[in-house]
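Raw contents of protein26.pdb, PDB, C-alpha atoms and all ligand atoms:
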ATOM      1  CA  MET A  50       2.291 180.715  52.063
ATOM      2  CA  ARG A  51       0.493 182.367  49.172
ATOM      3  CA  ARG A  52      -1.810 180.062  47.247
ATOM      4  CA  PRO A  53      -1.249 180.371  43.490
ATOM      5  CA  PHE A  54      -4.035 182.108  41.582
ATOM      6  CA  VAL A  55      -4.555 181.789  37.837
ATOM      7  CA  ALA A  56      -7.261 183.915  36.234
ATOM      8  CA  GLY A  57      -8.449 183.964  32.636
ATOM      9  CA  ASN A  58      -9.276 187.299  31.054
ATOM     10  CA  TRP A  59     -11.477 186.446  28.099
ATOM     11  CA  LYS A  60     -11.549 190.122  26.983
ATOM     12  CA  MET A  61     -14.029 190.910  24.169
ATOM     13  CA  ASN A  62     -14.000 187.378  22.764
ATOM     14  CA  LEU A  63     -16.428 184.482  22.266
ATOM     15  CA  ASN A  64     -20.181 184.359  21.810
ATOM     16  CA  ARG A  65     -22.676 183.071  24.343
ATOM     17  CA  ALA A  66     -22.558 179.426  23.227
ATOM     18  CA  ASP A  67     -18.748 179.351  23.090
ATOM     19  CA  ALA A  68     -18.425 181.103  26.466
ATOM     20  CA  VAL A  69     -20.738 178.555  28.094
ATOM     21  CA  ALA A  70     -18.928 175.659  26.391
ATOM     22  CA  LEU A  71     -15.531 176.940  27.571
ATOM     23  CA  ALA A  72     -16.796 177.365  31.142
ATOM     24  CA  ALA A  73     -18.419 173.922  31.109
ATOM     25  CA  GLY A  74     -15.241 172.378  29.709
ATOM     26  CA  LEU A  75     -13.161 173.950  32.468
ATOM     27  CA  ALA A  76     -15.698 173.030  35.149
ATOM     28  CA  ALA A  77     -15.678 169.399  34.033
ATOM     29  CA  ARG A  78     -11.923 169.100  34.337
ATOM     30  CA  ALA A  79     -10.885 171.375  37.200
ATOM     31  CA  THR A  80     -10.344 169.380  40.368
ATOM     32  CA  GLN A  81     -11.798 170.479  43.694
ATOM     33  CA  ASP A  82      -8.565 171.177  45.492
ATOM     34  CA  GLY A  83      -6.010 171.392  42.779
ATOM     35  CA  GLY A  84      -3.763 173.540  45.023
ATOM     36  CA  VAL A  85      -4.383 176.590  42.871
ATOM     37  CA  ASP A  86      -7.225 179.119  42.834
ATOM     38  CA  LEU A  87      -8.837 179.546  39.428
ATOM     39  CA  ALA A  88     -11.130 182.226  38.018
ATOM     40  CA  VAL A  89     -12.474 183.239  34.637
ATOM     41  CA  CYS A  90     -13.510 186.744  33.614
ATOM     42  CA  PRO A  91     -15.914 186.589  30.672
ATOM     43  CA  PRO A  92     -17.489 189.533  28.861
ATOM     44  CA  SER A  93     -20.099 191.045  31.198
ATOM     45  CA  VAL A  94     -23.093 190.043  29.073
ATOM     46  CA  TYR A  95     -22.138 186.388  29.558
ATOM     47  CA  LEU A  96     -21.424 186.532  33.316
ATOM     48  CA  ASP A  97     -24.795 185.057  34.208
ATOM     49  CA  ALA A  98     -24.579 182.210  31.702
ATOM     50  CA  VAL A  99     -20.980 181.429  32.657
ATOM     51  CA  ALA A 100     -21.907 181.494  36.363
ATOM     52  CA  ALA A 101     -24.518 178.815  35.676
ATOM     53  CA  ALA A 102     -22.005 176.693  33.741
ATOM     54  CA  LEU A 103     -19.451 176.986  36.575
ATOM     55  CA  ASN A 104     -21.968 176.163  39.298
ATOM     56  CA  GLY A 105     -20.568 173.526  41.671
ATOM     57  CA  SER A 106     -17.052 173.800  40.235
ATOM     58  CA  PRO A 107     -14.059 175.273  42.056
ATOM     59  CA  ILE A 108     -13.659 177.956  39.380
ATOM     60  CA  ALA A 109     -14.607 181.449  40.524
ATOM     61  CA  LEU A 110     -16.155 184.173  38.401
ATOM     62  CA  GLY A 111     -14.707 187.610  37.791
ATOM     63  CA  ALA A 112     -15.586 190.675  35.739
ATOM     64  CA  GLN A 113     -13.239 192.670  33.511
ATOM     65  CA  ASN A 114     -14.247 196.126  34.734
ATOM     66  CA  MET A 115     -16.858 198.023  36.754
ATOM     67  CA  TYR A 116     -17.836 201.589  37.623
ATOM     68  CA  HIS A 117     -17.224 203.124  41.016
ATOM     69  CA  GLU A 118     -20.695 204.541  41.634
ATOM     70  CA  ALA A 119     -23.286 202.428  43.460
ATOM     71  CA  GLY A 120     -26.054 203.105  40.960
ATOM     72  CA  GLY A 121     -27.978 205.728  39.062
ATOM     73  CA  ALA A 122     -27.720 207.553  35.758
ATOM     74  CA  PHE A 123     -24.471 206.082  34.395
ATOM     75  CA  THR A 124     -25.445 204.738  30.992
ATOM     76  CA  GLY A 125     -23.556 201.651  29.975
ATOM     77  CA  GLU A 126     -21.843 201.059  33.324
ATOM     78  CA  LEU A 127     -22.059 198.256  35.908
ATOM     79  CA  SER A 128     -21.784 198.549  39.683
ATOM     80  CA  ALA A 129     -19.947 196.312  42.137
ATOM     81  CA  ALA A 130     -23.303 195.194  43.576
ATOM     82  CA  MET A 131     -24.449 194.070  40.122
ATOM     83  CA  LEU A 132     -21.297 192.001  39.688
ATOM     84  CA  LEU A 133     -21.785 190.391  43.101
ATOM     85  CA  ASP A 134     -25.421 189.766  42.240
ATOM     86  CA  VAL A 135     -24.466 187.608  39.247
ATOM     87  CA  GLY A 136     -21.902 185.657  41.261
ATOM     88  CA  CYS A 137     -18.616 187.514  40.774
ATOM     89  CA  LYS A 138     -15.911 187.202  43.375
ATOM     90  CA  TYR A 139     -13.248 189.145  41.476
ATOM     91  CA  VAL A 140     -13.027 192.193  39.240
ATOM     92  CA  ILE A 141     -10.051 193.124  37.071
ATOM     93  CA  LEU A 142      -9.293 196.838  37.477
ATOM     94  CA  GLY A 143      -6.835 199.033  35.619
ATOM     95  CA  HIS A 144      -6.048 196.535  32.876
ATOM     96  CA  SER A 145      -3.648 198.140  30.408
ATOM     97  CA  GLU A 146      -6.262 198.032  27.649
ATOM     98  CA  ARG A 147      -8.538 200.112  29.864
ATOM     99  CA  ARG A 148      -5.683 202.438  30.784
ATOM    100  CA  HIS A 149      -4.265 202.863  27.283
ATOM    101  CA  VAL A 150      -7.206 202.240  24.927
ATOM    102  CA  MET A 151     -10.048 203.655  27.047
ATOM    103  CA  GLY A 152      -7.937 206.310  28.769
ATOM    104  CA  GLU A 153      -8.543 205.246  32.377
ATOM    105  CA  THR A 154      -6.261 206.968  34.854
ATOM    106  CA  SER A 155      -4.891 205.573  38.097
ATOM    107  CA  GLU A 156      -7.313 207.941  39.880
ATOM    108  CA  ASP A 157     -10.236 206.262  38.066
ATOM    109  CA  VAL A 158      -8.806 202.881  39.020
ATOM    110  CA  ASN A 159      -8.461 203.996  42.635
ATOM    111  CA  ARG A 160     -12.149 204.965  42.861
ATOM    112  CA  LYS A 161     -13.085 201.564  41.456
ATOM    113  CA  VAL A 162     -10.744 199.739  43.864
ATOM    114  CA  HIS A 163     -12.428 201.425  46.842
ATOM    115  CA  ALA A 164     -15.928 200.643  45.525
ATOM    116  CA  ALA A 165     -15.016 197.004  44.804
ATOM    117  CA  LEU A 166     -13.480 196.464  48.244
ATOM    118  CA  ALA A 167     -16.372 198.181  50.032
ATOM    119  CA  ALA A 168     -18.818 195.879  48.237
ATOM    120  CA  GLY A 169     -16.834 192.733  49.064
ATOM    121  CA  LEU A 170     -15.355 192.046  45.628
ATOM    122  CA  THR A 171     -11.668 191.174  45.353
ATOM    123  CA  PRO A 172      -9.987 193.511  42.886
ATOM    124  CA  ILE A 173      -7.222 192.279  40.600
ATOM    125  CA  VAL A 174      -5.337 195.546  40.112
ATOM    126  CA  CYS A 175      -3.113 195.665  37.030
ATOM    127  CA  VAL A 176       0.062 197.687  36.615
ATOM    128  CA  GLY A 177       2.615 197.610  33.823
ATOM    129  CA  GLU A 178       4.973 199.692  31.736
ATOM    130  CA  LEU A 179       4.911 200.454  28.005
ATOM    131  CA  LEU A 180       7.817 199.357  25.806
ATOM    132  CA  ASP A 181       9.263 202.876  25.501
ATOM    133  CA  GLN A 182       9.106 203.280  29.275
ATOM    134  CA  ARG A 183      11.021 199.999  29.748
ATOM    135  CA  GLU A 184      13.567 201.001  27.115
ATOM    136  CA  ALA A 185      14.043 204.359  28.845
ATOM    137  CA  GLY A 186      14.774 202.524  32.114
ATOM    138  CA  ARG A 187      11.597 203.853  33.704
ATOM    139  CA  THR A 188       9.890 200.557  34.609
ATOM    140  CA  ALA A 189      10.325 200.826  38.393
ATOM    141  CA  GLU A 190       9.162 204.458  38.386
ATOM    142  CA  VAL A 191       6.027 203.676  36.322
ATOM    143  CA  ILE A 192       5.117 200.701  38.510
ATOM    144  CA  ALA A 193       5.615 202.784  41.663
ATOM    145  CA  GLU A 194       3.438 205.614  40.293
ATOM    146  CA  GLN A 195       0.644 203.265  39.226
ATOM    147  CA  PHE A 196       0.768 201.344  42.513
ATOM    148  CA  THR A 197       0.775 204.475  44.660
ATOM    149  CA  ALA A 198      -2.102 206.180  42.854
ATOM    150  CA  SER A 199      -4.237 203.101  42.121
ATOM    151  CA  LEU A 200      -4.117 201.835  45.728
ATOM    152  CA  ALA A 201      -4.206 205.228  47.493
ATOM    153  CA  GLY A 202      -6.163 205.194  50.737
ATOM    154  CA  VAL A 203      -6.597 201.413  50.845
ATOM    155  CA  SER A 204      -6.344 200.027  54.411
ATOM    156  CA  ALA A 205      -3.825 197.352  55.345
ATOM    157  CA  ASP A 206      -6.562 194.722  55.741
ATOM    158  CA  ASP A 207      -8.017 195.548  52.339
ATOM    159  CA  MET A 208      -4.573 195.581  50.732
ATOM    160  CA  ALA A 209      -3.840 192.111  52.104
ATOM    161  CA  ARG A 210      -6.853 190.701  50.251
ATOM    162  CA  THR A 211      -6.247 192.626  47.041
ATOM    163  CA  VAL A 212      -4.630 190.803  44.127
ATOM    164  CA  MET A 213      -2.070 192.648  42.007
ATOM    165  CA  ALA A 214      -1.135 191.784  38.428
ATOM    166  CA  TYR A 215       2.100 192.897  36.801
ATOM    167  CA  GLU A 216       1.470 193.029  33.079
ATOM    168  CA  PRO A 217       4.202 194.608  30.953
ATOM    169  CA  VAL A 218       2.181 196.173  28.145
ATOM    170  CA  TRP A 219       4.714 195.098  25.506
ATOM    171  CA  ALA A 220       4.124 191.451  26.461
ATOM    172  CA  ILE A 221       0.322 191.485  26.270
ATOM    173  CA  GLY A 222      -1.030 189.600  23.283
ATOM    174  CA  THR A 223       2.303 189.920  21.504
ATOM    175  CA  GLY A 224       3.818 186.507  22.174
ATOM    176  CA  LYS A 225       6.774 188.406  23.722
ATOM    177  CA  VAL A 226       6.916 187.172  27.274
ATOM    178  CA  ALA A 227       9.032 188.803  29.978
ATOM    179  CA  THR A 228      11.827 186.485  31.043
ATOM    180  CA  PRO A 229      11.339 184.956  34.486
ATOM    181  CA  ASP A 230      14.167 187.195  35.780
ATOM    182  CA  GLU A 231      12.666 190.375  34.273
ATOM    183  CA  ALA A 232       9.245 189.581  35.718
ATOM    184  CA  GLU A 233      10.593 188.520  39.120
ATOM    185  CA  ALA A 234      12.547 191.779  39.448
ATOM    186  CA  VAL A 235       9.373 193.842  39.038
ATOM    187  CA  HIS A 236       7.341 191.560  41.313
ATOM    188  CA  LEU A 237       9.997 191.956  43.991
ATOM    189  CA  ASP A 238       9.924 195.763  43.552
ATOM    190  CA  LEU A 239       6.163 195.732  43.869
ATOM    191  CA  ARG A 240       6.289 193.646  47.028
ATOM    192  CA  LYS A 241       8.832 196.102  48.480
ATOM    193  CA  LEU A 242       6.513 198.997  47.637
ATOM    194  CA  ILE A 243       3.723 197.209  49.521
ATOM    195  CA  GLU A 244       6.040 196.572  52.471
ATOM    196  CA  ASP A 245       7.183 200.221  52.576
ATOM    197  CA  ARG A 246       3.637 201.524  52.441
ATOM    198  CA  TYR A 247       2.140 198.917  54.843
ATOM    199  CA  ASN A 248       4.287 196.273  56.521
ATOM    200  CA  ALA A 249       6.017 192.934  55.912
ATOM    201  CA  GLU A 250       2.932 190.927  56.830
ATOM    202  CA  VAL A 251       0.725 192.665  54.269
ATOM    203  CA  ALA A 252       3.468 192.425  51.638
ATOM    204  CA  ALA A 253       3.781 188.696  52.269
ATOM    205  CA  ALA A 254       0.022 188.192  51.938
ATOM    206  CA  VAL A 255      -0.610 189.955  48.615
ATOM    207  CA  ARG A 256      -0.734 187.684  45.606
ATOM    208  CA  ILE A 257       0.971 189.178  42.561
ATOM    209  CA  GLN A 258       0.090 187.610  39.223
ATOM    210  CA  TYR A 259       2.176 187.951  36.094
ATOM    211  CA  GLY A 260       0.372 188.617  32.812
ATOM    212  CA  GLY A 261       1.570 188.913  29.219
ATOM    213  CA  SER A 262       1.729 185.995  26.779
ATOM    214  CA  VAL A 263       1.600 183.312  29.477
ATOM    215  CA  LYS A 264       1.278 179.898  27.825
ATOM    216  CA  PRO A 265       1.437 176.319  29.123
ATOM    217  CA  ASP A 266       5.058 176.035  27.990
ATOM    218  CA  ASN A 267       6.343 179.139  29.819
ATOM    219  CA  ALA A 268       4.052 179.144  32.870
ATOM    220  CA  ALA A 269       6.020 176.776  35.107
ATOM    221  CA  GLU A 270       9.257 178.746  34.813
ATOM    222  CA  LEU A 271       7.563 182.091  35.444
ATOM    223  CA  LEU A 272       5.466 180.829  38.316
ATOM    224  CA  ALA A 273       8.451 179.143  39.957
ATOM    225  CA  GLN A 274       9.818 182.618  40.780
ATOM    226  CA  PRO A 275       9.463 183.391  44.487
ATOM    227  CA  ASN A 276       7.398 186.559  44.010
ATOM    228  CA  ILE A 277       5.212 185.409  41.106
ATOM    229  CA  ASP A 278       2.061 183.964  42.624
ATOM    230  CA  GLY A 279       0.003 183.154  39.592
ATOM    231  CA  ALA A 280      -0.972 184.411  36.184
ATOM    232  CA  LEU A 281      -3.500 186.647  34.493
ATOM    233  CA  VAL A 282      -4.000 184.973  31.143
ATOM    234  CA  GLY A 283      -5.545 186.446  28.011
ATOM    235  CA  GLY A 284      -5.263 184.503  24.750
ATOM    236  CA  ALA A 285      -4.387 181.149  26.301
ATOM    237  CA  SER A 286      -7.392 181.292  28.635
ATOM    238  CA  LEU A 287      -9.725 180.741  25.666
ATOM    239  CA  LYS A 288      -8.759 177.072  25.373
ATOM    240  CA  VAL A 289      -9.503 174.519  28.108
ATOM    241  CA  ASP A 290      -6.240 172.617  27.655
ATOM    242  CA  ASP A 291      -4.080 175.740  27.620
ATOM    243  CA  PHE A 292      -5.708 177.325  30.667
ATOM    244  CA  LEU A 293      -5.535 174.130  32.709
ATOM    245  CA  GLY A 294      -1.977 173.571  31.465
ATOM    246  CA  ILE A 295      -1.029 176.964  32.893
ATOM    247  CA  ALA A 296      -2.795 176.105  36.153
ATOM    248  CA  ARG A 297      -0.693 172.933  36.349
ATOM    249  CA  GLY A 298       2.391 175.052  35.739
ATOM    250  CA  ALA A 299       1.569 176.962  38.906
ATOM    251  CA  LEU A 300       2.073 173.786  40.895
ATOM    252  CA  SER A 301       5.297 172.437  39.452
TER     253      SER A 301
HETATM  254  P1  LIG B   1      -2.254 187.736  26.909
HETATM  255  O1  LIG B   1      -3.077 188.827  27.754
HETATM  256  O2  LIG B   1      -2.131 186.501  27.796
HETATM  257  O3  LIG B   1      -3.115 187.474  25.692
HETATM  258  O4  LIG B   1      -0.939 188.328  26.586
HETATM  259  C1  LIG B   1      -2.850 189.002  29.125
HETATM  260  C2  LIG B   1      -3.749 190.055  29.692
HETATM  261  O5  LIG B   1      -4.001 191.059  29.012
HETATM  262  O6  LIG B   1      -4.242 189.923  30.826
END
Could you render the structure from this file as structure tokens?
Amino acid sequence: MRRPFVAGNWKMNLNRADAVALAAGLAARATQDGGVDLAVCPPSVYLDAVAAALNGSPIALGAQNMYHEAGGAFTGELSAAMLLDVGCKYVILGHSERRHVMGETSEDVNRKVHAALAAGLTPIVCVGELLDQREAGRTAEVIAEQFTASLAGVSADDMARTVMAYEPVWAIGTGKVATPDEAEAVHLDLRKLIEDRYNAEVAAAVRIQYGGSVKPDNAAELLAQPNIDGALVGGASLKVDDFLGIARGALS
């Protein structure tokens, strides 16, 4: 059985004091074995401070991005080892804002996935279609392309411990959430892609989060779908009550 996993993507929000207060507020209220894995992904400059605030709590730390090289002359970038060094367990890779605003390709994402896995980080690999792609009936094709290229060359063991996130781009930060049926259909497709490429055991092990305007009042219905194993939460992860409300939704 896949354990639900809810992660907060704080994006480029908060200042140091507010990031620490949010982490401390979550740490104070998250229960040790709440039946759901939790993680927060603050801006990189606050990873250290947030790690300290989360210390002793069941909430794990993740980063929002990294570079694939191990070190050297790569101004402005961070390596997997640096993220591990400050206490990260997870790293979000291939988020749609990185793909569509920063121009990251699936090949870039693939290099990062390999570097993260080799270092012992768990990647949360995002895939998702744009509105015009959905309207043109191309969702399945786009998801298949992104999955195939972003996870190329990943072994079955590594795939089984990788987390995937389906995030329809038109639902991110827009308040327009995919219906549970729309999301479940893509999650099922994605699990079939994993099964075809690997096997049924690997497909059954991979946790697939849904992301895109998840809120406490829509989380339970989305997460009740058989192939939706958690959520990657942007806006609603910036408030203690909302984030923990979504985590509760994963259990109902
Ligand atoms: P949102 O963002 O919850 O604000 O829609 C989700 C995400 O980008 O991961």
Target residues per the PyMOL selection byres (((not hetatm)) within 8 of (chain B and resi 1)), formatted as a PyMOL selection string: chain A and resi 57-58+60+144-146+216+220-224+226+260-264+281-286
Those residues you just picked out, can you put them in a file as a PDB file, keeping the file's coordinate frame with C-alpha atoms?
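Saved result, selection_10.pdb, follows:
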ATOM      1  CA  GLY A  57      -8.449 183.964  32.636  1.00  0.00           C
ATOM      2  CA  ASN A  58      -9.276 187.299  31.054  1.00  0.00           C
ATOM      3  CA  LYS A  60     -11.549 190.122  26.983  1.00  0.00           C
ATOM      4  CA  HIS A 144      -6.048 196.535  32.876  1.00  0.00           C
ATOM      5  CA  SER A 145      -3.648 198.140  30.408  1.00  0.00           C
ATOM      6  CA  GLU A 146      -6.262 198.032  27.649  1.00  0.00           C
ATOM      7  CA  GLU A 216       1.470 193.029  33.079  1.00  0.00           C
ATOM      8  CA  ALA A 220       4.124 191.451  26.461  1.00  0.00           C
ATOM      9  CA  ILE A 221       0.322 191.485  26.270  1.00  0.00           C
ATOM     10  CA  GLY A 222      -1.030 189.600  23.283  1.00  0.00           C
ATOM     11  CA  THR A 223       2.303 189.920  21.504  1.00  0.00           C
ATOM     12  CA  GLY A 224       3.818 186.507  22.174  1.00  0.00           C
ATOM     13  CA  VAL A 226       6.916 187.172  27.274  1.00  0.00           C
ATOM     14  CA  GLY A 260       0.372 188.617  32.812  1.00  0.00           C
ATOM     15  CA  GLY A 261       1.570 188.913  29.219  1.00  0.00           C
ATOM     16  CA  SER A 262       1.729 185.995  26.779  1.00  0.00           C
ATOM     17  CA  VAL A 263       1.600 183.312  29.477  1.00  0.00           C
ATOM     18  CA  LYS A 264       1.278 179.898  27.825  1.00  0.00           C
ATOM     19  CA  LEU A 281      -3.500 186.647  34.493  1.00  0.00           C
ATOM     20  CA  VAL A 282      -4.000 184.973  31.143  1.00  0.00           C
ATOM     21  CA  GLY A 283      -5.545 186.446  28.011  1.00  0.00           C
ATOM     22  CA  GLY A 284      -5.263 184.503  24.750  1.00  0.00           C
ATOM     23  CA  ALA A 285      -4.387 181.149  26.301  1.00  0.00           C
ATOM     24  CA  SER A 286      -7.392 181.292  28.635  1.00  0.00           C
TER      25      SER A 286
END
Just to confirm, what's the straight-line distance from CA of Arg210 in chain A to CA of Val255 in chain A in Å (one decimal)?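 Atom-to-atom, CA of Arg210 in chain A and CA of Val255 in chain A are spaced 6.5 Å apart.
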Neighbouring residues of Lys161 in chain A were defined as those with any atom within 8 Å, considering all atoms listed in the file; residues of the same chain fewer than 4 positions away were excluded. Please report them as a ChimeraX atom specification. /A:115-117,142,157,165
My list of candidates is A:Val235, A:Leu166, A:Val174, A:Val212. Which is closest to Val191 in chain A when distances are computed with only C-alpha atoms?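 For Val191 in chain A, the nearest of the given residues is A:Val235.
Using all atoms listed in the file, the nearest neighbour of Glu270 in chain A within the list A:Asp230, A:Glu118, A:Asp82, A:Asp67 is A:Asp230.
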Please write the residues picked by the PyMOL selection byres (((chain A and resi 292) around 9) and not hetatm) on this file as a ChimeraX atom specification. /A:55-57,75,264-265,282,285-291,293-297
Evaluate the PyMOL selection byres (((chain A and resi 169) around 9) and not hetatm) and report residues as a ChimeraX atom specification: /A:129-130,133,138,164-168,170-171
Which polymer residues have any atom within 9 Å of an atom of Ala205 in chain A, counting only C-alpha atoms, with same-chain residues fewer than 5 positions away left out, as a PDB file with C-alpha atoms, in the frame of the given file?
ATOM      1  CA  ARG A 210      -6.853 190.701  50.251  1.00  0.00           C
ATOM      2  CA  TYR A 247       2.140 198.917  54.843  1.00  0.00           C
ATOM      3  CA  ASN A 248       4.287 196.273  56.521  1.00  0.00           C
ATOM      4  CA  VAL A 251       0.725 192.665  54.269  1.00  0.00           C
TER       5      VAL A 251
END
